[in-house]
$ cat structure_30.cif   # mmCIF, C-alpha atoms
data_protein
loop_
_atom_site.label_atom_id
_atom_site.label_comp_id
_atom_site.auth_asym_id
_atom_site.auth_seq_id
_atom_site.Cartn_x
_atom_site.Cartn_y
_atom_site.Cartn_z
CA MET A 1 3.21 -32.84 -1.70
CA ASP A 2 0.31 -31.16 -3.52
CA LEU A 3 1.61 -27.63 -4.14
CA SER A 4 -1.80 -26.44 -5.35
CA SER A 5 -3.10 -26.92 -1.79
CA SER A 6 -0.96 -23.97 -0.69
CA ALA A 7 -2.86 -21.52 -2.91
CA ILE A 8 -4.41 -18.71 -0.87
CA PHE A 9 -7.02 -17.75 -3.47
CA PRO A 10 -8.91 -20.13 -5.77
CA ASN A 11 -8.27 -17.79 -8.69
CA ASP A 12 -5.08 -16.42 -10.23
CA PHE A 13 -4.26 -12.86 -11.26
CA ALA A 14 -3.09 -10.80 -14.20
CA ALA A 15 -1.04 -8.42 -12.01
CA LEU A 16 -0.32 -7.36 -8.44
CA LEU A 17 -0.89 -3.81 -7.19
CA PHE A 18 0.77 -2.52 -4.01
CA ASP A 19 0.18 0.42 -1.75
CA MET A 20 3.50 1.80 -0.50
CA ASP A 21 3.54 3.21 3.07
CA GLY A 22 2.65 0.49 5.55
CA THR A 23 2.45 -2.12 2.81
CA LEU A 24 5.91 -2.28 1.22
CA LEU A 25 7.76 -0.08 3.67
CA ASN A 26 7.32 1.08 7.23
CA SER A 27 7.41 4.88 7.51
CA MET A 28 5.50 5.14 10.77
CA ALA A 29 8.39 6.78 12.62
CA VAL A 30 8.51 9.64 10.12
CA VAL A 31 4.73 9.99 9.86
CA GLU A 32 4.38 10.23 13.62
CA ARG A 33 7.18 12.82 13.88
CA VAL A 34 6.05 15.04 11.02
CA TRP A 35 2.28 14.78 11.38
CA GLY A 36 2.50 14.86 15.17
CA ALA A 37 4.36 18.17 15.12
CA TRP A 38 1.93 19.54 12.51
CA ALA A 39 -1.03 18.52 14.65
CA LEU A 40 0.34 20.29 17.72
CA ARG A 41 0.96 23.46 15.71
CA ASN A 42 -2.65 23.40 14.56
CA GLY A 43 -4.25 22.57 17.91
CA ILE A 44 -5.13 18.97 17.04
CA ASP A 45 -4.64 15.90 19.17
CA PRO A 46 -1.86 13.94 17.42
CA ALA A 47 -3.27 10.58 18.48
CA ARG A 48 -6.64 11.42 16.98
CA LEU A 49 -5.06 12.72 13.78
CA MET A 50 -2.97 9.59 13.30
CA LYS A 51 -6.16 7.55 12.96
CA THR A 52 -7.08 9.50 9.81
CA VAL A 53 -3.84 9.81 7.84
CA HIS A 54 -3.16 6.22 6.74
CA GLY A 55 -3.54 5.69 3.01
CA VAL A 56 -5.04 9.11 2.31
CA ARG A 57 -3.55 12.06 0.41
CA ALA A 58 -2.29 14.77 2.76
CA ALA A 59 -4.41 17.45 1.09
CA ASP A 60 -7.53 15.33 1.63
CA VAL A 61 -6.67 14.87 5.32
CA ILE A 62 -6.23 18.61 5.80
CA ARG A 63 -9.37 19.41 3.81
CA LYS A 64 -11.55 17.20 6.00
CA LEU A 65 -10.26 18.91 9.15
CA GLY A 66 -11.77 22.22 8.04
CA LEU A 67 -8.80 24.26 9.25
CA PRO A 68 -8.01 27.77 7.98
CA VAL A 69 -5.15 26.24 6.00
CA ASP A 70 -4.91 25.86 2.24
CA PRO A 71 -4.97 22.06 1.80
CA GLU A 72 -2.72 21.95 -1.24
CA ARG A 73 -0.11 24.28 0.24
CA GLY A 74 -0.26 22.47 3.56
CA ALA A 75 0.28 19.16 1.81
CA ARG A 76 3.29 20.53 -0.09
CA ASP A 77 4.81 21.85 3.14
CA LEU A 78 4.34 18.50 4.87
CA ALA A 79 5.78 16.62 1.90
CA ALA A 80 8.89 18.81 1.94
CA VAL A 81 9.52 17.93 5.58
CA GLU A 82 8.87 14.23 4.96
CA ILE A 83 11.23 14.18 1.97
CA ALA A 84 13.98 15.58 4.19
CA ASP A 85 13.30 13.06 6.97
CA VAL A 86 13.61 9.37 6.09
CA GLU A 87 15.19 8.21 9.33
CA GLY A 88 13.61 4.92 10.32
CA VAL A 89 12.07 4.16 6.91
CA VAL A 90 12.60 0.43 6.32
CA GLU A 91 11.13 -2.31 4.17
CA ILE A 92 8.36 -4.49 5.48
CA PRO A 93 10.26 -7.74 6.08
CA GLY A 94 10.54 -9.78 2.90
CA ALA A 95 9.12 -7.07 0.62
CA ILE A 96 12.26 -6.59 -1.49
CA ALA A 97 12.68 -10.30 -2.15
CA PHE A 98 8.97 -10.70 -2.85
CA LEU A 99 8.96 -7.89 -5.42
CA GLY A 100 12.16 -9.23 -6.94
CA SER A 101 10.40 -12.53 -7.64
CA LEU A 102 7.73 -10.82 -9.77
CA PRO A 103 7.90 -10.16 -13.51
CA PRO A 104 8.60 -6.39 -13.59
CA GLU A 105 5.80 -5.78 -16.10
CA ARG A 106 3.23 -7.44 -13.82
CA TRP A 107 3.21 -5.19 -10.76
CA ALA A 108 2.77 -1.54 -9.86
CA ILE A 109 2.64 0.74 -6.85
CA VAL A 110 -0.42 2.87 -6.08
CA THR A 111 0.39 5.42 -3.40
CA SER A 112 -1.24 8.54 -2.01
CA ALA A 113 2.19 10.14 -1.65
CA PRO A 114 3.51 12.61 -4.25
CA LEU A 115 6.12 11.25 -6.64
CA GLU A 116 9.17 12.90 -5.05
CA LEU A 117 8.27 11.63 -1.60
CA ALA A 118 7.48 8.15 -2.92
CA THR A 119 10.80 7.75 -4.71
CA ARG A 120 12.68 9.12 -1.67
CA ARG A 121 11.07 6.61 0.68
CA LEU A 122 11.51 3.70 -1.72
CA ALA A 123 15.21 4.52 -1.99
CA ALA A 124 15.54 4.79 1.80
CA ALA A 125 13.98 1.35 2.21
CA GLY A 126 16.05 -0.18 -0.62
CA ILE A 127 13.00 -0.94 -2.74
CA PRO A 128 13.34 -0.48 -6.51
CA VAL A 129 11.08 2.00 -8.27
CA PRO A 130 8.73 -0.07 -10.44
CA ARG A 131 8.12 0.45 -14.13
CA HIS A 132 4.67 1.73 -13.25
CA MET A 133 3.70 3.83 -10.25
CA VAL A 134 0.54 5.83 -9.66
CA THR A 135 0.98 8.62 -7.10
CA GLY A 136 -1.34 11.06 -5.42
CA GLU A 137 -0.51 13.56 -8.15
CA ASP A 138 -1.80 11.25 -10.90
CA VAL A 139 -5.41 11.12 -9.71
CA THR A 140 -8.14 13.69 -9.26
CA ILE A 141 -9.72 11.78 -6.38
CA GLY A 142 -7.65 9.90 -3.81
CA LYS A 143 -8.33 6.72 -1.85
CA PRO A 144 -10.87 5.41 -0.88
CA ASP A 145 -11.89 6.19 -4.46
CA PRO A 146 -10.73 3.38 -6.80
CA GLN A 147 -9.32 5.72 -9.45
CA GLY A 148 -5.67 5.01 -8.57
CA TYR A 149 -6.03 1.23 -8.74
CA ARG A 150 -7.97 1.41 -11.98
CA LEU A 151 -5.33 3.66 -13.51
CA ALA A 152 -2.52 1.32 -12.44
CA ALA A 153 -4.31 -1.66 -13.99
CA GLU A 154 -4.83 0.30 -17.19
CA ARG A 155 -1.14 1.17 -17.38
CA LEU A 156 -0.31 -2.52 -16.97
CA GLY A 157 -2.76 -3.41 -19.73
CA VAL A 158 -5.04 -5.49 -17.52
CA ARG A 159 -8.43 -5.19 -15.84
CA ALA A 160 -8.52 -4.06 -12.22
CA GLU A 161 -10.90 -6.94 -11.54
CA ASP A 162 -8.09 -9.33 -12.52
CA CYS A 163 -5.61 -7.85 -10.03
CA LEU A 164 -4.61 -8.63 -6.45
CA VAL A 165 -4.20 -5.54 -4.27
CA PHE A 166 -1.87 -5.42 -1.24
CA GLU A 167 -2.92 -2.78 1.32
CA ASP A 168 -2.56 -1.79 4.93
CA ALA A 169 -5.17 0.92 5.57
CA PRO A 170 -8.98 1.04 5.51
CA ALA A 171 -9.08 3.74 2.81
CA GLY A 172 -6.87 1.66 0.53
CA ILE A 173 -8.82 -1.53 1.17
CA LEU A 174 -12.01 0.27 0.21
CA ALA A 175 -10.32 1.58 -2.95
CA GLY A 176 -9.14 -1.86 -3.96
CA ARG A 177 -12.53 -3.42 -3.32
CA ALA A 178 -14.28 -0.66 -5.26
CA ALA A 179 -11.96 -1.38 -8.19
CA GLY A 180 -13.13 -4.99 -8.11
CA ALA A 181 -9.84 -6.50 -6.96
CA GLU A 182 -9.08 -9.17 -4.37
CA ILE A 183 -7.29 -7.88 -1.26
CA VAL A 184 -4.36 -8.95 0.91
CA VAL A 185 -3.77 -6.85 4.03
CA ILE A 186 -0.25 -6.35 5.40
CA THR A 187 -0.40 -5.66 9.15
CA GLY A 188 3.26 -5.40 10.20
CA ALA A 189 3.54 -1.60 10.28
CA HIS A 190 0.45 -0.64 12.27
CA ALA A 191 -2.99 -1.86 13.33
CA ALA A 192 -5.20 0.55 11.36
CA ALA A 193 -6.80 -2.37 9.50
CA GLY A 194 -6.43 -4.89 12.28
CA GLU A 195 -10.10 -5.92 12.20
CA THR A 196 -10.21 -6.56 8.47
CA PRO A 197 -12.01 -9.71 7.29
CA HIS A 198 -9.57 -10.08 4.41
CA VAL A 199 -6.56 -12.37 4.15
CA SER A 200 -3.79 -10.74 6.18
CA PHE A 201 -0.11 -11.30 6.87
CA ALA A 202 2.34 -9.40 9.03
CA HIS A 203 5.00 -9.49 6.29
CA TYR A 204 6.03 -11.29 3.11
CA ALA A 205 8.13 -14.14 4.45
CA GLU A 206 5.14 -16.47 4.55
CA ILE A 207 4.03 -16.05 0.96
CA GLU A 208 5.29 -16.45 -2.58
CA VAL A 209 4.00 -15.89 -6.11
CA ARG A 210 4.05 -18.55 -8.81
CA LEU A 211 3.77 -17.93 -12.53
CA GLY A 212 1.43 -20.38 -14.20
CA GLY A 213 1.55 -21.79 -17.70
CA SER A 214 -1.17 -19.33 -18.68
CA GLY A 215 1.11 -16.44 -17.69
CA ARG A 216 -1.06 -15.53 -14.69
CA LEU A 217 0.09 -15.20 -11.10
CA SER A 218 -1.06 -17.16 -8.06
CA LEU A 219 -0.34 -16.45 -4.41
CA HIS A 220 0.80 -19.31 -2.18
CA ARG A 221 1.86 -19.98 1.36
CA ARG A 222 5.51 -20.87 1.50
CA PRO A 223 5.72 -24.53 2.47
CA ASP A 224 8.69 -23.96 4.77
CA GLU A 225 7.19 -21.11 6.79
CA PRO A 226 4.84 -21.28 9.80
CA ARG A 227 1.56 -19.42 9.47
CA ILE A 228 1.50 -16.26 11.53
CA GLY A 229 -0.54 -13.09 11.39
CA GLU A 230 -3.25 -14.53 9.15
CA ALA A 231 -6.83 -13.40 9.51
CA LYS A 232 -10.04 -14.87 8.19
CA ARG A 233 -11.15 -14.01 4.68
CA VAL A 234 -14.48 -13.49 2.95
#

$ encode --input "structure_30.cif" --output "structure tokens"
Amino acid sequence: MDLSSSAIFPNDFAALLFDMDGTLLNSMAVVERVWGAWALRNGIDPARLMKTVHGVRAADVIRKLGLPVDPERGARDLAAVEIADVEGVVEIPGAIAFLGSLPPERWAIVTSAPLELATRRLAAAGIPVPRHMVTGEDVTIGKPDPQGYRLAAERLGVRAEDCLVFEDAPAGILAGRAAGAEIVVITGAHAAAGETPHVSFAHYAEIEVRLGGSGRLSLHRRPDEPRIGEAKRV
């Protein structure tokens, strides 16, 4: 069997960069509870609001709504409620094993969540905190700006253009593309990026990473898994 035929991309990568919510863990139950209640208190249709919150810093969501609410204070208040509520936060299937197969110095998380919320949700899902994590507090401009992904690559000592980004939301996909990275979309938590033209998988059971002799990483389909949830790529 020619194992090289299972490669998903023709190129290999210096490092892998992961969004958190919706990509490594499913926090939709909490997001819908907390943001839904906040929307009702502020006279906003929860269903409409939910279309805007994925992958974006809370303060940026509030700011765009133009409400008479201080965005930074509102974001802190929401984060406090989310930190206290992790019921239903679980890993995306296969995420823990997938991350465990990676050299720890070759991957990072880039999340719009503040650090305390990020570490709380990772712990709830059983996902280890990586050596390097860029949070919403580390950047001056959030996704879809590429600043977070560029900063993560810099901390890993590689170029963002040599990285593979795993995302779930349109804002994050735009950020990864703007950083010059290739994209894999994880669709198992929600359908916000369901129409993406990028390579997509529902979860991590279908894929694996291999370390080449050059020290670079390549992404492959697992030979023993059926292909499900894959979309076309450009």

$ closest_atom_pairs --input "structure_30.cif" --of "segment 79-134 of chain A" --to "segment 144-154 of chain A" --cutoff "12 Å" --atoms "all atoms listed in the file" --output "JSON lines"
{"residue": "A:Glu105", "atom": "CA", "partner": "A:Ala153", "partner_atom": "CA", "distance": 11.1}
{"residue": "A:Arg106", "atom": "CA", "partner": "A:Ala153", "partner_atom": "CA", "distance": 9.5}
{"residue": "A:Trp107", "atom": "CA", "partner": "A:Ala152", "partner_atom": "CA", "distance": 8.8}
{"residue": "A:Ala108", "atom": "CA", "partner": "A:Ala152", "partner_atom": "CA", "distance": 6.5}
{"residue": "A:Ile109", "atom": "CA", "partner": "A:Ala152", "partner_atom": "CA", "distance": 7.6}
{"residue": "A:Val110", "atom": "CA", "partner": "A:Gly148", "partner_atom": "CA", "distance": 6.2}
{"residue": "A:Thr111", "atom": "CA", "partner": "A:Gly148", "partner_atom": "CA", "distance": 8.0}
{"residue": "A:Ser112", "atom": "CA", "partner": "A:Gly148", "partner_atom": "CA", "distance": 8.7}
{"residue": "A:Ala113", "atom": "CA", "partner": "A:Gly148", "partner_atom": "CA", "distance": 11.7}
{"residue": "A:Pro130", "atom": "CA", "partner": "A:Ala152", "partner_atom": "CA", "distance": 11.5}
{"residue": "A:Arg131", "atom": "CA", "partner": "A:Ala152", "partner_atom": "CA", "distance": 10.8}
{"residue": "A:His132", "atom": "CA", "partner": "A:Ala152", "partner_atom": "CA", "distance": 7.2}
{"residue": "A:Met133", "atom": "CA", "partner": "A:Ala152", "partner_atom": "CA", "distance": 7.1}
{"residue": "A:Val134", "atom": "CA", "partner": "A:Ala152", "partner_atom": "CA", "distance": 6.1}

$ write_last_selection --input "structure_30.cif" --atoms "C-alpha atoms" --output "mmCIF file, in the frame of the given file"
data_model
loop_
_atom_site.group_PDB
_atom_site.id
_atom_site.type_symbol
_atom_site.label_atom_id
_atom_site.label_comp_id
_atom_site.auth_asym_id
_atom_site.auth_seq_id
_atom_site.Cartn_x
_atom_site.Cartn_y
_atom_site.Cartn_z
ATOM 1 C CA GLU A 105 5.800 -5.780 -16.100
ATOM 2 C CA ARG A 106 3.230 -7.440 -13.820
ATOM 3 C CA TRP A 107 3.210 -5.190 -10.760
ATOM 4 C CA ALA A 108 2.770 -1.540 -9.860
ATOM 5 C CA ILE A 109 2.640 0.740 -6.850
ATOM 6 C CA VAL A 110 -0.420 2.870 -6.080
ATOM 7 C CA THR A 111 0.390 5.420 -3.400
ATOM 8 C CA SER A 112 -1.240 8.540 -2.010
ATOM 9 C CA ALA A 113 2.190 10.140 -1.650
ATOM 10 C CA PRO A 130 8.730 -0.070 -10.440
ATOM 11 C CA ARG A 131 8.120 0.450 -14.130
ATOM 12 C CA HIS A 132 4.670 1.730 -13.250
ATOM 13 C CA MET A 133 3.700 3.830 -10.250
ATOM 14 C CA VAL A 134 0.540 5.830 -9.660
#

$ atom_distance --input "structure_30.cif" --atom1 "atom CA of Ala79 of chain A" --atom2 "atom CA of Leu117 of chain A"
6.6 Å

$ atom_distance --input "structure_30.cif" --atom1 "atom CA of Gly126 of chain A" --atom2 "atom CA of Leu156 of chain A"
23.2 Å

$ atom_distance --input "structure_30.cif" --atom1 "atom CA of Val89 of chain A" --atom2 "atom CA of Leu17 of chain A"
20.7 Å

$ resolve_selection --input "structure_30.cif" --expression "the PyMOL selection byres ((chain A and resi 179) around 7)" --output "VMD selection string"
chain A and resid 146 149 to 150 160 to 161 175 to 178 180 to 181

$ resolve_selection --input "structure_30.cif" --expression "the PyMOL selection byres ((chain A and resi 88) around 7)" --output "PyMOL selection string"
chain A and resi 27+29-30+86-87+89-90

$ residues_around --input "structure_30.cif" --residues "Lys51 of chain A" --least-positions-apart "2" --cutoff "12 Å" --atoms "all atoms listed in the file" --output "list in words"
Val31, Glu32, Trp35, Gly36, Asp45, Pro46, Ala47, Arg48, Leu49, Val53, His54, Gly55, Val56, Val61, Ala169, Pro170, Ala171, His190, Ala191, Ala192 and Ala193 of chain A

$ residues_around --input "structure_30.cif" --residues "Glu72 of chain A" --least-positions-apart "3" --cutoff "7 Å" --atoms "only C-alpha atoms" --output "list in words"
Ala59, Ala75 and Arg76 of chain A

$ closest_residue --input "structure_30.cif" --among "A:Ala14, A:Glu195, A:Leu99, A:Asp60" --to "Thr140 of chain A" --atoms "only C-alpha atoms"
A:Asp60

$ closest_residue --input "structure_30.cif" --among "A:Arg121, A:Glu206, A:Ile141, A:Val184" --to "Asp85 of chain A" --atoms "all atoms listed in the file"
A:Arg121
